[in-house]
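A short worksheet on the structure shown next.
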Amino acid sequence: MSALICIDMQRDFLAPESPLCVKEGLACLPHVQKAISNARAKGLQVFWVKREHDPSGIDIEWTRKHLIEGGGAGATLPGSQGAEFAEGLLPLPEEHIVVKKRFSAFFHTHLDLMLRRLSIKSVILCGVQTPNCIRGTAVDALGLDYEVTVLSDATASKSSLVQESNLEDMRCMGILTKQVSEWARD
């Protein structure tokens, strides 16, 4: 059984004015929407992963602490517009939301427990940003013995060079990469 995991498709990661903006993030949004539609049509479990941080900054990486100290703009604070999923992306009531604090969706979350409870053996990843949260989640999933597929056109990085380099590195680890249209035909 498989599950689609949509990672960090939040306003703070897509809005050009946000300090966390992933430059190519908006370009992958239509592909993410197609991936979600296809997953639902296939009857797959859909997981929505979002990053949120305590306004005090106690749980944010030291490399991002300045975002909190500067008033919180772009820090994916709970209840903020920036922490909301991007326009056009709306989890259904039966879908699962996982809140994370670090790059990997598995690090200090219940994601692995939920996947195992649902007898999931294979995960398909989409979202942003490929070298950080997608890659961190993919590598952890591989280490936890999941079959991992990264949807190359439904993920994004700050540049095409960074995107392609990371996809190639993940392929060398045994992680599959496919475009949404190819995956939809499987």
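Simple scheme: letters A, B, ... for chains in structure tokens order, numbers from 1 for residues in each chain, numbers from 1 for ligands in the order shown.
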Those of segment 101-179 of chain A in DSSP strand (DSSP E or B), formatted as a PyMOL selection string: chain A and resi 122-128+147-156+176-178
Long-range neighbours of Asp140 of chain A as a list in words, 9 Å cut-off, only C-alpha atoms, 3 positions minimum in chain: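 Those residues are Ser104, Ala105, Phe106, Phe107, Arg135, Gly136, Thr137, Gly143, Leu144, Asp145 and Tyr146 of chain A.
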Keeping only C-alpha atoms, write the selected residues as a PDB file, in the first residue's frame.
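Ended up saving to again_12.pdb:
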ATOM      1  CA  SER A 104      12.511  15.530   7.815  1.00  0.00           C
ATOM      2  CA  ALA A 105       8.814  14.804   8.227  1.00  0.00           C
ATOM      3  CA  PHE A 106       9.852  11.788  10.330  1.00  0.00           C
ATOM      4  CA  PHE A 107      12.013  13.654  12.879  1.00  0.00           C
ATOM      5  CA  ARG A 135      15.573  14.930   0.697  1.00  0.00           C
ATOM      6  CA  GLY A 136      15.578  14.694   4.505  1.00  0.00           C
ATOM      7  CA  THR A 137      12.215  12.940   4.460  1.00  0.00           C
ATOM      8  CA  GLY A 143      16.283   4.213   6.294  1.00  0.00           C
ATOM      9  CA  LEU A 144      12.949   3.108   7.763  1.00  0.00           C
ATOM     10  CA  ASP A 145      12.540   0.592   4.902  1.00  0.00           C
ATOM     11  CA  TYR A 146       9.893   2.375   2.864  1.00  0.00           C
TER      12      TYR A 146
END
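Closest approach to Leu14 of chain A among A:Val128, A:Val148, A:Ile68, A:Val49: A:Val128, based on only C-alpha atoms.
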Those of chain A in DSSP helix (DSSP H, G or I), formatted as a compact mmCIF listing (two decimals) with C-alpha atoms, in the first residue's frame:
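And here's out-v5.txt as it stands now:
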# COMPACT_ATOMS: atom_id res chain seq x y z
CA ARG A 11 2.43 30.26 1.88
CA ASP A 12 5.71 31.18 3.63
CA PHE A 13 7.58 28.84 1.28
CA LEU A 14 5.86 30.08 -1.88
CA GLY A 25 8.08 26.62 -5.61
CA LEU A 26 5.14 28.24 -7.38
CA ALA A 27 6.10 26.52 -10.64
CA CYS A 28 5.59 23.08 -9.09
CA LEU A 29 2.19 23.95 -7.57
CA PRO A 30 0.08 22.72 -10.55
CA HIS A 31 2.02 19.42 -10.51
CA VAL A 32 1.45 19.06 -6.75
CA GLN A 33 -2.27 19.61 -7.35
CA LYS A 34 -2.24 16.89 -10.05
CA ALA A 35 -0.37 14.52 -7.74
CA ILE A 36 -2.95 15.03 -5.00
CA SER A 37 -5.84 14.52 -7.44
CA ASN A 38 -4.22 11.34 -8.76
CA ALA A 39 -3.55 10.01 -5.25
CA ARG A 40 -7.16 10.59 -4.28
CA ALA A 41 -8.40 8.94 -7.48
CA LYS A 42 -6.19 5.91 -6.75
CA TRP A 62 19.52 28.14 15.28
CA THR A 63 20.06 28.95 11.58
CA ARG A 64 16.49 30.30 11.40
CA LYS A 65 16.28 31.92 14.84
CA HIS A 66 16.62 35.35 13.23
CA LEU A 67 13.19 34.84 11.63
CA ILE A 68 11.54 34.76 15.06
CA GLU A 69 13.69 37.54 16.50
CA GLN A 81 -1.23 33.23 6.99
CA GLY A 82 2.27 32.07 6.14
CA ALA A 83 1.71 28.74 7.87
CA LEU A 111 4.47 10.00 10.72
CA ASP A 112 6.19 6.59 10.86
CA LEU A 113 3.68 5.31 13.43
CA MET A 114 0.72 6.43 11.29
CA LEU A 115 2.17 4.94 8.10
CA ARG A 116 2.84 1.60 9.78
CA ARG A 117 -0.63 1.56 11.38
CA THR A 130 14.07 19.33 -2.55
CA PRO A 131 17.54 19.63 -0.93
CA ASN A 132 16.13 20.11 2.55
CA CYS A 133 12.73 18.74 3.50
CA ILE A 134 12.11 16.46 0.53
CA ARG A 135 15.57 14.93 0.70
CA GLY A 136 15.58 14.69 4.50
CA THR A 137 12.21 12.94 4.46
CA ALA A 138 13.20 10.68 1.54
CA VAL A 139 16.43 9.55 3.20
CA ASP A 140 14.71 8.89 6.53
CA ALA A 141 11.92 6.97 4.76
CA LEU A 142 14.53 4.85 2.97
CA GLY A 143 16.28 4.21 6.29
CA SER A 160 17.25 23.88 -11.53
CA LEU A 161 20.91 23.02 -10.83
CA VAL A 162 20.18 22.38 -7.14
CA GLN A 163 17.03 20.44 -8.09
CA GLU A 164 18.73 18.14 -10.60
CA SER A 165 21.81 17.56 -8.41
CA ASN A 166 19.66 16.49 -5.47
CA LEU A 167 17.41 14.27 -7.58
CA GLU A 168 20.50 12.54 -9.01
CA ASP A 169 21.98 12.05 -5.52
CA MET A 170 18.71 10.49 -4.34
CA ARG A 171 18.57 8.20 -7.38
CA CYS A 172 22.08 7.01 -6.47
CA MET A 173 20.70 6.03 -3.04
CA VAL A 180 3.60 13.12 -12.00
CA SER A 181 2.29 11.97 -15.40
CA GLU A 182 4.53 8.88 -15.33
CA TRP A 183 3.58 8.05 -11.74
CA ALA A 184 -0.13 8.54 -12.51
CA ARG A 185 0.07 5.80 -15.18
Name the closest residue to Asp186 of chain A among the candidates A:Thr155, A:Pro16, A:Thr149, A:Leu118; distances are taken between atoms, counting only C-alpha atoms.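 Counting only C-alpha atoms, the residue closest to Asp186 of chain A is A:Thr149.
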